[in-house]
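Asks: Okay, handing you the structure first.
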Amino acid sequence: MRLERQTPEDAALVRYLDGESPAGERAHVAAAAASDPGVADRLDTLQRRSDRLRVLLAGEDAQLPRGLATFTPATRGPESIADVRWVQPEETAAGTMDGEIVPLRPRDTRRASAVWLRAAAIALLVVVAALTVAPVRAWIFDGLERVGLLRGPTPPAPVVPVDTLGISGFALAQAFTIEVDHRQLEGRLVVRIADVQDSEAELHTRGGGESFFVLPEGLRIVNHEASMANYVVTLPLGLRSIHVRIAGVVDTTLVPAAAAEHVFSLRN
Amino acid sequence: MGVDVAALYAEHYAALFRYVVRLTGDGDLAADAVQETFTRLLEKPPRDDNTKAWLFTVATNLVRSWSNSRQRRRELLDEAATRVPTGDAPRTPEAEAGANELRLTVRRALDELGEKERTILLMREEGFSHREIADAVGTTTGSVGTMIARALDKLAERLPLDAGDV
C-alpha cells in the first residue's frame with residue numbers, strides 16, 4: 001500500500017513530534033494531519049500530554065537540590081550506544097559487555113574499606129568538580145550560608161541559554177488563525193505581516209518546552225503558564241484575515257492590508 | 001585513553017541525577033546510583049565516545065538491580081513524597097499538601113508503567129534520540145514511538161494530562 005494512503009500510526013506521530021521522522025514520513029504525517037481531523041487530534045493529544053507531563057515532572061524535581069531542578073533542553077545526538085546493553089534484573093553473571101556494566105549486586109552497605117577510600121577520593125574529586133558547576137556551587141553556598149558558615153551575597157542564578165525554534169513554509173489559509181494556549185509569566189507574540197513569499201514562525205525560549213503545532217487553518221503555540229518565551233510569526237500579505245486567540249479569551253482579527261507588526265503581550 | 005571524569009561530572013551530573021530521581025522517586029538511591037556510575041566510569045571507562053548514553057544506561061541498570069523489590073520502592077516513594085521541597089519558595093500548608101499529593105500521584109503513575117516504558121519516557125525527557133533509547137532498553141527504534149504513545153495514554157488515565165490545567 002502506498003504511504004500516502006495509510007493513516008500514520010502512533011510511532012510515526014511521536015517521531016514527527018520529536019523531529020525524528022525521515023523526510024518522506026514527515027511530509028506524510030503533515031499532510032495527514034492537515035486532511036484528517038482524527039490524525040490532527042491524535043497529534044494534538046500526544047503533544048499536549050508530553051507538554052503536561054513535562055510540567056508534572058518539574059514538580060517531581062522539587063526533591064532535587066536547589067539549582068538542579070532547572071530544566072535544560074537536552075540536545076539530541078546521532079551517537080550510538082550499541083555497546084551498552086539493557087541488563088535484566090535477574091541477571092547476576094559477571095559483567096561482560098563493552099560498556100562494562102559490572103556484576104549486579106544487591107544494594108550492599110557493607111563495603112570494604114578500600115572501596116570507601118576510593119569513594120572518598122572520588123568524592124573529593126567530585127566536590128572540586130562540583131564547584132565548577134554554577135548550580136551545584138550555588139546549592140553548596142546556599143547550604144553553607146544556612147548553617148552560618150558563609151555570609152555574603154547569594155551567587156547569581158544559573159543562566160539558562162536561550163534556544164530558538166523555527167518553522168517555515170507551513171500551509172496558509174485565507175482566514176489564518178494563531179492560537180496561543182495560555183497566558184504566561186512573561187513574553188509576547190509578534191505577528192509580522194510582510195511582503196514575503198513564505199510563512200515563518202520562530203520562538204525564543206529558555207528551556208520552557210514550548211512548541212509550534214501546525215493546524216489545517218492556522219498555527220497553534222503550545223505553551224504553559226510558567227512560560228517566558230517570545231514568539232514571532234511572519235505571514236505574507238494577501239491573506240483575507242488573521243485571527244489571534246490567546247488563552248481562549250482574547251480574539252483579535254487583523255486585516256493584513258499592508259506590511260505591519262502587531263505585538264501582543266502574553267503576560268498573565 | 002583516560003577520561004576526564006571531572007569534566008564529564010560537570011557536564012552530566014545534574015541531568016543524570018534528575019533522571020534517576022524521576023526514575024525512582026528516591027533522592028538517596030539516586031545519589032548512590034550516580035556516585036556508583038561515576039566510580040565505574042573512573043574504573044572502566046566506555047570504549048566509544050557516547051559517554052552520556054553510557055552513563056544513563058549504567059545508572060538505569062544499577063537502579064534496576066537495586067530496586068528489584070517493588071515493595072521497597074513503594075516504601076521509598078511514600079517517604080519521598082512527603083519530603084519538604086528544596087527547590088521552591090515556601091508555600092502555604094494547604095498548597096504544600098496539594099503539591100505533595102500531586103507529587104505522590106505522579107510518582108505512583110510513573111511506577112505503574114512498565115520499567116521499559118518509564119525508562120523510555122524519561123530518557124526522551126532528557127533529549128535522547130529514539131535510536132539511543134532503543135539501544136539502551138534493547139528494543140527497535142520503530143517501537144520506541146509506539147511505547148512512548150502507549151505510556152502517555154496510560155499516564156493520561158491517572159494524571160491530569162488532558163485537563164485544562166496541570
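Identifiers for the C-alpha cells are assigned positionally: chains receive A, B, ... in sequence, residues are indexed from 1 per chain, and ligands are indexed from 1 in the order shown.
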Just the residues within 12 Å of range 113-120 of chain B, please, counting only C-alpha atoms, with nothing from its chain fewer than 6 positions along; format it as a compact mmCIF listing (two decimals) with N, CA and C atoms, in the first residue's frame.
Replies:
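Once written, result_36.txt looks like this:
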# COMPACT_ATOMS: atom_id res chain seq x y z
N TRP A 86 20.97 -3.47 27.78
CA TRP A 86 19.97 -3.48 28.84
C TRP A 86 20.18 -4.74 29.67
N VAL A 87 20.28 -4.60 30.97
CA VAL A 87 20.52 -5.75 31.82
C VAL A 87 19.23 -6.16 32.49
N GLN A 88 18.88 -7.40 32.36
CA GLN A 88 17.67 -7.88 33.02
C GLN A 88 17.89 -7.94 34.53
N PRO A 89 16.86 -7.67 35.31
CA PRO A 89 17.03 -7.61 36.76
C PRO A 89 17.55 -8.92 37.35
N TYR B 19 17.37 12.63 36.28
CA TYR B 19 16.77 11.47 35.60
C TYR B 19 16.56 10.32 36.57
N VAL B 20 17.55 10.03 37.40
CA VAL B 20 17.43 8.89 38.31
C VAL B 20 16.40 9.17 39.40
N VAL B 21 16.35 10.43 39.85
CA VAL B 21 15.31 10.77 40.84
C VAL B 21 13.93 10.55 40.23
N ARG B 22 13.77 10.98 38.99
CA ARG B 22 12.47 10.79 38.33
C ARG B 22 12.18 9.31 38.13
N LEU B 23 13.21 8.56 37.84
CA LEU B 23 13.04 7.14 37.57
C LEU B 23 12.63 6.39 38.83
N THR B 24 13.18 6.80 39.97
CA THR B 24 13.00 6.03 41.20
C THR B 24 12.13 6.72 42.24
N PHE B 56 23.92 7.08 31.45
CA PHE B 56 22.50 6.91 31.72
C PHE B 56 22.12 5.43 31.74
N THR B 57 22.73 4.68 30.84
CA THR B 57 22.39 3.25 30.80
C THR B 57 22.93 2.52 32.01
N ALA B 59 23.54 3.83 34.95
CA ALA B 59 22.74 4.25 36.11
C ALA B 59 21.38 3.55 36.10
N THR B 60 20.79 3.44 34.93
CA THR B 60 19.48 2.76 34.83
C THR B 60 19.60 1.31 35.26
N ASN B 61 20.63 0.65 34.80
CA ASN B 61 20.81 -0.76 35.17
C ASN B 61 21.09 -0.93 36.66
N VAL B 63 20.02 1.03 39.04
CA VAL B 63 18.75 1.25 39.73
C VAL B 63 17.85 0.03 39.61
N ARG B 64 17.85 -0.56 38.44
CA ARG B 64 17.01 -1.74 38.24
C ARG B 64 17.45 -2.87 39.16
N SER B 65 18.74 -3.02 39.31
CA SER B 65 19.21 -4.12 40.15
C SER B 65 18.97 -3.82 41.63
N SER B 67 16.58 -1.77 42.84
CA SER B 67 15.16 -1.56 43.17
C SER B 67 14.32 -2.76 42.77
N ASN B 68 14.90 -3.90 42.80
CA ASN B 68 14.17 -5.06 42.31
C ASN B 68 12.92 -5.34 43.13
N ARG B 70 9.73 -4.24 44.47
CA ARG B 70 8.76 -3.17 44.30
C ARG B 70 8.23 -2.68 45.64
N VAL B 106 1.88 11.59 40.78
CA VAL B 106 2.78 11.47 39.62
C VAL B 106 3.71 10.27 39.83
N ARG B 107 4.23 10.18 41.05
CA ARG B 107 5.18 9.10 41.34
C ARG B 107 4.52 7.73 41.13
N GLU B 126 15.05 13.58 28.64
CA GLU B 126 16.43 14.06 28.73
C GLU B 126 17.03 14.30 27.36
N GLY B 127 16.23 14.15 26.32
CA GLY B 127 16.67 14.54 24.98
C GLY B 127 17.38 13.47 24.18
N PHE B 128 17.33 12.23 24.64
CA PHE B 128 17.98 11.18 23.86
C PHE B 128 17.17 10.89 22.59
N SER B 129 17.87 10.50 21.54
CA SER B 129 17.21 10.15 20.29
C SER B 129 16.52 8.80 20.44
N HIS B 130 15.59 8.52 19.54
CA HIS B 130 14.91 7.22 19.60
C HIS B 130 15.91 6.08 19.42
N ARG B 131 16.94 6.31 18.62
CA ARG B 131 17.96 5.30 18.40
C ARG B 131 18.71 5.00 19.71
N GLU B 132 19.07 6.06 20.40
CA GLU B 132 19.80 5.88 21.66
C GLU B 132 18.93 5.19 22.70
N ILE B 133 17.67 5.58 22.74
CA ILE B 133 16.76 4.96 23.70
C ILE B 133 16.58 3.48 23.38
N ALA B 134 16.40 3.20 22.09
CA ALA B 134 16.22 1.81 21.67
C ALA B 134 17.44 0.97 22.06
N ASP B 135 18.60 1.51 21.84
CA ASP B 135 19.82 0.78 22.19
C ASP B 135 19.90 0.54 23.70
N ALA B 136 19.48 1.56 24.45
CA ALA B 136 19.61 1.45 25.92
C ALA B 136 18.66 0.41 26.50
N VAL B 137 17.46 0.31 25.95
CA VAL B 137 16.50 -0.62 26.56
C VAL B 137 16.35 -1.92 25.78
N GLY B 138 17.10 -2.04 24.70
CA GLY B 138 17.09 -3.28 23.96
C GLY B 138 15.82 -3.51 23.17
N THR B 139 15.43 -2.49 22.41
CA THR B 139 14.27 -2.64 21.54
C THR B 139 14.59 -2.01 20.20
N THR B 140 13.62 -2.01 19.29
CA THR B 140 13.89 -1.43 17.98
C THR B 140 13.55 0.06 18.00
N THR B 141 14.20 0.80 17.12
CA THR B 141 13.93 2.23 17.04
C THR B 141 12.46 2.48 16.74
N SER B 143 9.85 0.84 17.57
CA SER B 143 8.89 0.60 18.64
C SER B 143 8.98 1.65 19.75
N VAL B 144 10.02 2.48 19.72
CA VAL B 144 10.15 3.50 20.78
C VAL B 144 8.96 4.46 20.74
N GLY B 145 8.62 4.92 19.53
CA GLY B 145 7.49 5.85 19.41
C GLY B 145 6.19 5.22 19.89
N THR B 146 6.00 3.96 19.56
CA THR B 146 4.78 3.26 20.00
C THR B 146 4.72 3.20 21.52
N MET B 147 5.86 2.88 22.12
CA MET B 147 5.88 2.75 23.58
C MET B 147 5.70 4.10 24.26
N ILE B 148 6.23 5.15 23.65
CA ILE B 148 6.03 6.50 24.21
C ILE B 148 4.54 6.84 24.18
N ALA B 149 3.91 6.61 23.04
CA ALA B 149 2.48 6.92 22.91
C ALA B 149 1.66 6.09 23.90
N ARG B 150 2.01 4.82 24.03
CA ARG B 150 1.26 3.96 24.95
C ARG B 150 1.46 4.42 26.40
N ALA B 151 2.69 4.79 26.73
CA ALA B 151 2.96 5.25 28.09
C ALA B 151 2.19 6.54 28.38
N LEU B 152 2.14 7.44 27.40
CA LEU B 152 1.40 8.70 27.60
C LEU B 152 -0.10 8.41 27.79
N ASP B 153 -0.61 7.46 27.02
CA ASP B 153 -2.03 7.09 27.17
C ASP B 153 -2.30 6.54 28.57
N LYS B 154 -1.38 5.68 29.04
CA LYS B 154 -1.58 5.11 30.39
C LYS B 154 -1.51 6.21 31.45
N LEU B 155 -0.54 7.10 31.30
CA LEU B 155 -0.42 8.17 32.30
C LEU B 155 -1.64 9.08 32.29
N ALA B 156 -2.19 9.28 31.09
CA ALA B 156 -3.36 10.17 30.98
C ALA B 156 -4.56 9.63 31.74
N GLU B 157 -4.57 8.33 32.01
CA GLU B 157 -5.67 7.75 32.79
C GLU B 157 -5.52 8.08 34.27
N ARG B 158 -4.31 8.43 34.67
CA ARG B 158 -4.06 8.66 36.10
C ARG B 158 -3.66 10.09 36.43
Asks: Report, in Å with one decimal, the straight-line distance from CA of Val233 in chain A to CA of Ala11 in chain A.
Replies: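 Between CA of Val233 in chain A and CA of Ala11 in chain A the gap is 29.3 Å.
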Asks: Separation of CA of Ile221 in chain A and CA of Ile246 in chain A, in Å?
Replies: 9.4 Å
Asks: Quick one, how far is CA of Arg15 in chain A from CA of Asp198 in chain A?
Replies: 25.0 Å
Asks: So, with only C-alpha atoms as the atoms that count, which of A:Gln6, A:Ser35, A:Ser241, A:Asn230 lies closest to Ala173 in chain A?
Replies: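 With only C-alpha atoms as the atom set, the closest residue is A:Ser241.
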Asks: Restricting the calculation to only C-alpha atoms: of B:Leu16, B:Leu110, B:Leu104, B:Ala6, which residue gets closest to chain A?
Replies: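 Closest residue, counting only C-alpha atoms: B:Ala6.
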Asks: Which residue out of B:Ala97, B:Leu121, B:Leu42, B:Leu161 has the minimum interatomic distance to chain A when only C-alpha atoms are used?
Replies: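 Of B:Ala97, B:Leu121, B:Leu42, B:Leu161, the one nearest chain A, counting only C-alpha atoms, is B:Leu161.
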Asks: Env of Ala257 in chain A: 12 Å cut, atoms = only C-alpha atoms, seq-sep filter 5 positions within chain, self excluded. Answer as a tab-separated table (two decimals) with C-alpha atoms, in the first residue's frame.
Replies:
chain	number	residue	atom	x	y	z
A	193	ILE	CA	2.79	40.94	8.10
A	194	ALA	CA	5.35	41.46	5.39
A	195	ASP	CA	6.00	41.24	1.69
A	235	LEU	CA	2.87	35.96	7.36
A	236	PRO	CA	2.72	37.21	3.78
A	237	LEU	CA	0.47	39.97	2.55
A	238	GLY	CA	-2.62	38.80	0.72
A	239	LEU	CA	-4.40	36.77	3.38
A	240	ARG	CA	-8.01	37.72	3.93
A	241	SER	CA	-7.79	37.83	7.71
A	242	ILE	CA	-5.64	36.77	10.63
